[in-house]
Amino acid sequence: MAAEHNQPHPVPVEILEPAQLAAARQTPLPRRALPRGVVALLFLLRIYVLVAVPLVVYAFIRALRHG
Amino acid sequence: MTSLDHAGSPAPPAAPGGSASPLREDALRARDRLRVVSARLARRPLTLLWLLIGPGVLAMLGENDGPSMISYATTGATYGVGFFIPFILLTFMMAFVVQEMVARLGAATHRGHAQLIFQRIGPFWGYFAMGDLVLGNLLTLVTEFIAIQAGALYFGIPPVYSVGAGIAITIASLATRRYATWERVAMALAAFNLLFVPAALLAHPDGAALLRALVSWGPLPGGIHTVFVLLILSNIGATVTPWMIFFQQSAVVDKGLTVADLPQARLDTALGATIAAIAAIAAVLASTPLFTHHVHTVQFATAADFATALRPYLGHTGAALFALGMIEAGLVALMTISASSAYAFGETVNAGNSLNLDFTEGRRFYGVAIASIVFAGAVVLIPGAPLVAMTLTVNVIATLLMAPAILFLLILINDKEIMGAQANGTAMNLLAGAIVVFISLAGAVYGLVAVFPHLLG
């Protein structure tokens with residue numbers, strides 16, 4: 001085992017779970033259907049962000065203008 | 001076996017071109033896993049823990065970044081020892097709840113957060129999530145350079161040198177092209193977050209008052225004032241932010257953690273939260289002399305002013321430790337936040353996304369990390385840039401972006417097709433749901449106070 005540690009590129013890739021291999025991780029997963037309530041919540045929080053962030057940017061610019 | 005293996009993930013193809021030799025990324029990860037398996041078989045729990053810690057510690061200590069430490073120092077200088085000591089502990093417990101779910105998601109699916117959002121929730125929401133991350137990360141990187149610049153200024157180092165050194169150290173860490181090395185370099189630097197502890201000891205804190213504060217959540221600051229609300233919310237923003245979610249999940253995947261490693265991953269996250277909480281409370285204690293001696297921090301322009309103002313009370317050594325702590329806080333965050341941007345970009349465009357990639361395979365991955373820090377460094381060097389105002393605004397924006405980020409996390413962690421037995425139970429969902437509500441309300445109040453500063457008097 002210790003000898004294997006000293007190898008520059010040992011190749012025991014079988015030690016990885018199949019889903020851990022780089023090629024397997026490139027394979028897309030199927031899309032899931034979200035419940036309507038969850039979609040509504042996503043939209044609600046998105047609106048919250050889209051309203052709140054510009055307000056904060058506005059406050060930042062206003063603070064700069066007022067020195 | 002992961003949940004994805006059970007779900008019938010396709011068998012992995014061979015390396016490109018049908019070559020028998022594995023990809024560098026797989027070979028290096030396999031080497032790391034061999035050590036983990038050996039330690040597990042030899043029943044060496046401490047070695048096993050040492051091999052598996054990293055992503056949790058780095059997410060937590062990466063978030064004890066420049067603006068966070070300024071926030072804790074302002075808290076100590078404004079209110080001294082009292083309500084905020086247990087409150088900071090509460091925010092780190094909240095961070096542990098969120099990041100434990102992140103570690104579980106990474107170990108069970110072996111996929112990054114951005115990748116899962118795009119594939120399972122869809123590109124429409126994926127682009128919003130990425131937009132949030134890019135905005136938050138770029139702005140936060142700017143504030144990390146502000147912290148580095150301010151800490152270095154205390155020692156008389158001009159900004160162009162400190163910013164240049166920050167960029168050079170971050171690029172040098174990426175140049176190792178090895179996740180394990182990058183992680184250990186970042187952890188070694190992150191250990192210096194504890195510089196705030198000797199700085200706090202030099203402030204001679206009152207142990208009895210500290211214990212009283214922890215037990216009684218007091219003394220409470222008199223009334224709900226704007227400053228109190230701002231500090232409540234900036235302390236939340238100093239503990240949980242979206243980049244931590246993206247970073248820790250991708251790091252768990254890059255490190256190769258599996259479901260069998262979850263006990264150690266939880267310990268890693270708990271250890272990170274504990275060390276970060278100790279450093280945060282130390283920063284509060286170190287700056288308490290400013291509260292005791294009625295030194296107002298309102299007129300402070302930079303963190304260098306904090307160190308200078310603390311020198312009469314902590315001595316030159318204490319003030320220097322404080323300034324060095326600021327440099328460390330910024331530097332570690334530069335490494336972790338730029339890595340989170342690179343991981344998320346690679347996952348979004350389905351390109352290579354590992355710190356084990358060489359430069360040819362990972363040119364876009366490393367390119368994003370390097371471009372983001374060079375951009376942020378350049379912004380800080382713009383003459384007359386409103387750096388302190390930027391820090392405050394970045395904290396506000398990070399807090400606002402956190403609620404949707406946790407909702408994405410909750411959707412994924414409850415997805416039984418990818419999580420299997422590792423999906424959330426009812427208690428965890430209630431706890432995480434309460435955090436979403438709390439952070440949303442806090443963010444809304446923070447936004448209101450930022451827009452209408454005289455709302456609460």
# chains A, B, ... in the order shown; residues from 1 in each chain; ligands from 1
$ closest_atom_pairs --of "chain A" --to "chain B" --cutoff "8 Å" --atoms "only C-alpha atoms" --output "JSON lines"
{"residue": "A:His5", "atom": "CA", "partner": "B:Arg31", "partner_atom": "CA", "distance": 7.2}
{"residue": "A:His9", "atom": "CA", "partner": "B:Ala27", "partner_atom": "CA", "distance": 6.4}
{"residue": "A:Pro10", "atom": "CA", "partner": "B:Ala27", "partner_atom": "CA", "distance": 6.6}
{"residue": "A:Val11", "atom": "CA", "partner": "B:Ala27", "partner_atom": "CA", "distance": 5.6}
{"residue": "A:Pro12", "atom": "CA", "partner": "B:Ala30", "partner_atom": "CA", "distance": 6.1}
{"residue": "A:Val13", "atom": "CA", "partner": "B:Ala30", "partner_atom": "CA", "distance": 5.2}
{"residue": "A:Glu14", "atom": "CA", "partner": "B:Ala30", "partner_atom": "CA", "distance": 7.9}
{"residue": "A:Ile15", "atom": "CA", "partner": "B:Ala30", "partner_atom": "CA", "distance": 6.2}
{"residue": "A:Leu16", "atom": "CA", "partner": "B:Ala30", "partner_atom": "CA", "distance": 6.0}
{"residue": "A:Glu17", "atom": "CA", "partner": "B:Met1", "partner_atom": "CA", "distance": 6.6}
{"residue": "A:Pro18", "atom": "CA", "partner": "B:Pro12", "partner_atom": "CA", "distance": 6.2}
{"residue": "A:Ala19", "atom": "CA", "partner": "B:Asp5", "partner_atom": "CA", "distance": 6.4}
{"residue": "A:Gln20", "atom": "CA", "partner": "B:His110", "partner_atom": "CA", "distance": 5.7}
{"residue": "A:Leu21", "atom": "CA", "partner": "B:Asp26", "partner_atom": "CA", "distance": 6.0}
{"residue": "A:Ala22", "atom": "CA", "partner": "B:Asp26", "partner_atom": "CA", "distance": 6.5}
{"residue": "A:Ala23", "atom": "CA", "partner": "B:Pro12", "partner_atom": "CA", "distance": 5.9}
{"residue": "A:Ala24", "atom": "CA", "partner": "B:Pro12", "partner_atom": "CA", "distance": 4.8}
{"residue": "A:Arg25", "atom": "CA", "partner": "B:Arg111", "partner_atom": "CA", "distance": 6.5}
{"residue": "A:Gln26", "atom": "CA", "partner": "B:Asn350", "partner_atom": "CA", "distance": 6.5}
{"residue": "A:Thr27", "atom": "CA", "partner": "B:Pro10", "partner_atom": "CA", "distance": 7.8}
{"residue": "A:Pro28", "atom": "CA", "partner": "B:Gln119", "partner_atom": "CA", "distance": 6.4}
{"residue": "A:Leu29", "atom": "CA", "partner": "B:Gln119", "partner_atom": "CA", "distance": 5.7}
{"residue": "A:Pro30", "atom": "CA", "partner": "B:Arg120", "partner_atom": "CA", "distance": 6.4}
{"residue": "A:Arg31", "atom": "CA", "partner": "B:Arg120", "partner_atom": "CA", "distance": 4.3}
{"residue": "A:Arg32", "atom": "CA", "partner": "B:Arg120", "partner_atom": "CA", "distance": 5.3}
{"residue": "A:Ala33", "atom": "CA", "partner": "B:Ile121", "partner_atom": "CA", "distance": 7.7}
{"residue": "A:Leu34", "atom": "CA", "partner": "B:Ile121", "partner_atom": "CA", "distance": 7.4}
{"residue": "A:Leu42", "atom": "CA", "partner": "B:Pro404", "partner_atom": "CA", "distance": 7.0}
{"residue": "A:Leu45", "atom": "CA", "partner": "B:Pro404", "partner_atom": "CA", "distance": 5.8}
{"residue": "A:Arg46", "atom": "CA", "partner": "B:Pro404", "partner_atom": "CA", "distance": 7.1}
{"residue": "A:Val49", "atom": "CA", "partner": "B:Leu400", "partner_atom": "CA", "distance": 6.3}
{"residue": "A:Ala52", "atom": "CA", "partner": "B:Gly447", "partner_atom": "CA", "distance": 6.3}
{"residue": "A:Val53", "atom": "CA", "partner": "B:Ile397", "partner_atom": "CA", "distance": 6.3}
{"residue": "A:Leu55", "atom": "CA", "partner": "B:Val451", "partner_atom": "CA", "distance": 6.5}
{"residue": "A:Val56", "atom": "CA", "partner": "B:Gly447", "partner_atom": "CA", "distance": 6.2}
{"residue": "A:Val57", "atom": "CA", "partner": "B:Thr393", "partner_atom": "CA", "distance": 7.5}
{"residue": "A:Tyr58", "atom": "CA", "partner": "B:Val451", "partner_atom": "CA", "distance": 7.6}
{"residue": "A:Ala59", "atom": "CA", "partner": "B:Val451", "partner_atom": "CA", "distance": 5.0}
{"residue": "A:Phe60", "atom": "CA", "partner": "B:Thr393", "partner_atom": "CA", "distance": 6.6}
{"residue": "A:Leu64", "atom": "CA", "partner": "B:Pro386", "partner_atom": "CA", "distance": 7.7}
$ atom_distance --atom1 "CA of Ile148 (chain B)" --atom2 "CA of Glu328 (chain B)"
7.5 Å
$ residues_around --residues "Thr426 (chain B)" --least-positions-apart "6" --cutoff "12 Å" --atoms "only C-alpha atoms" --output "PDB file with N, CA, C and O atoms, in the first residue's frame"
ATOM      1  N   LEU B 410     -32.945  23.254  -0.148  1.00  0.00           N
ATOM      2  CA  LEU B 410     -34.017  22.433   0.429  1.00  0.00           C
ATOM      3  C   LEU B 410     -34.695  21.568  -0.630  1.00  0.00           C
ATOM      4  O   LEU B 410     -35.048  20.411  -0.372  1.00  0.00           O
ATOM      5  N   ILE B 413     -32.171  18.719  -1.418  1.00  0.00           N
ATOM      6  CA  ILE B 413     -31.915  17.783  -0.320  1.00  0.00           C
ATOM      7  C   ILE B 413     -33.161  16.919  -0.041  1.00  0.00           C
ATOM      8  O   ILE B 413     -33.066  15.862   0.573  1.00  0.00           O
ATOM      9  N   ASN B 414     -34.322  17.370  -0.515  1.00  0.00           N
ATOM     10  CA  ASN B 414     -35.550  16.575  -0.351  1.00  0.00           C
ATOM     11  C   ASN B 414     -35.862  15.738  -1.588  1.00  0.00           C
ATOM     12  O   ASN B 414     -36.904  15.077  -1.639  1.00  0.00           O
ATOM     13  N   ALA B 432     -34.638  24.019   8.767  1.00  0.00           N
ATOM     14  CA  ALA B 432     -34.139  24.767   7.609  1.00  0.00           C
ATOM     15  C   ALA B 432     -35.181  25.772   7.121  1.00  0.00           C
ATOM     16  O   ALA B 432     -34.828  26.891   6.719  1.00  0.00           O
ATOM     17  N   GLY B 433     -36.466  25.382   7.162  1.00  0.00           N
ATOM     18  CA  GLY B 433     -37.543  26.294   6.764  1.00  0.00           C
ATOM     19  C   GLY B 433     -37.573  27.521   7.674  1.00  0.00           C
ATOM     20  O   GLY B 433     -37.745  28.654   7.201  1.00  0.00           O
TER      21      GLY B 433
END
$ residues_around --residues "Ala369 (chain B)" --least-positions-apart "3" --cutoff "12 Å" --atoms "only C-alpha atoms" --output "PDB file with C-alpha atoms, in the first residue's frame"
ATOM      1  CA  VAL B 134     -21.682  35.753  -9.705  1.00  0.00           C
ATOM      2  CA  ASN B 137     -18.946  36.575  -5.340  1.00  0.00           C
ATOM      3  CA  LEU B 138     -17.562  39.442  -7.417  1.00  0.00           C
ATOM      4  CA  LEU B 141     -14.047  39.448  -3.578  1.00  0.00           C
ATOM      5  CA  ILE B 167      -3.564  37.903  -6.384  1.00  0.00           C
ATOM      6  CA  THR B 170      -4.214  32.874  -4.871  1.00  0.00           C
ATOM      7  CA  ILE B 171      -2.855  32.071  -8.338  1.00  0.00           C
ATOM      8  CA  ALA B 172       0.077  30.172  -6.800  1.00  0.00           C
ATOM      9  CA  SER B 173      -2.353  28.009  -4.795  1.00  0.00           C
ATOM     10  CA  LEU B 174      -4.283  27.192  -7.992  1.00  0.00           C
ATOM     11  CA  ALA B 175      -1.019  26.398  -9.777  1.00  0.00           C
ATOM     12  CA  LEU B 334     -10.018  35.045  -1.900  1.00  0.00           C
ATOM     13  CA  MET B 335      -9.042  31.394  -2.332  1.00  0.00           C
ATOM     14  CA  THR B 336     -12.385  29.848  -1.353  1.00  0.00           C
ATOM     15  CA  ILE B 337     -14.677  32.359  -3.068  1.00  0.00           C
ATOM     16  CA  SER B 338     -12.736  32.313  -6.349  1.00  0.00           C
ATOM     17  CA  ALA B 339     -12.810  28.491  -6.183  1.00  0.00           C
ATOM     18  CA  SER B 340     -16.588  28.544  -5.670  1.00  0.00           C
ATOM     19  CA  SER B 341     -16.978  30.756  -8.777  1.00  0.00           C
ATOM     20  CA  ALA B 342     -14.785  28.417 -10.828  1.00  0.00           C
ATOM     21  CA  TYR B 343     -16.606  25.285  -9.651  1.00  0.00           C
ATOM     22  CA  ALA B 344     -20.021  26.792 -10.374  1.00  0.00           C
ATOM     23  CA  PHE B 345     -18.956  27.998 -13.827  1.00  0.00           C
ATOM     24  CA  GLY B 346     -17.499  24.599 -14.746  1.00  0.00           C
ATOM     25  CA  ASN B 353     -14.588  21.507 -12.634  1.00  0.00           C
ATOM     26  CA  SER B 354     -11.893  20.224 -10.347  1.00  0.00           C
ATOM     27  CA  LEU B 355      -8.800  21.577  -8.658  1.00  0.00           C
ATOM     28  CA  GLY B 362      -9.105  23.184 -16.836  1.00  0.00           C
ATOM     29  CA  ARG B 363      -8.249  26.390 -18.690  1.00  0.00           C
ATOM     30  CA  ARG B 364     -11.806  27.734 -18.381  1.00  0.00           C
ATOM     31  CA  PHE B 365     -12.071  26.569 -14.744  1.00  0.00           C
ATOM     32  CA  TYR B 366      -8.831  28.237 -13.667  1.00  0.00           C
ATOM     33  CA  SER B 372     -12.503  37.079 -10.886  1.00  0.00           C
ATOM     34  CA  ILE B 373      -9.677  37.903  -8.462  1.00  0.00           C
ATOM     35  CA  VAL B 374      -7.829  40.106 -10.973  1.00  0.00           C
ATOM     36  CA  PHE B 375     -11.069  42.027 -11.627  1.00  0.00           C
ATOM     37  CA  ALA B 376     -11.766  42.481  -7.896  1.00  0.00           C
TER      38      ALA B 376
END
$ atom_distance --atom1 "CA of Gly330 (chain B)" --atom2 "CA of Phe192 (chain B)"
11.3 Å
$ closest_residue --among "B:Val284, B:Leu409, B:Leu41, B:Val437" --to "Ile85 (chain B)" --atoms "only C-alpha atoms"
B:Val284
$ select_by_dssp --residues "region 380-455 of chain B" --states "helix (DSSP H, G or I)" --output "number ranges by chain"
B: 380, 387-413, 416-422, 426-451
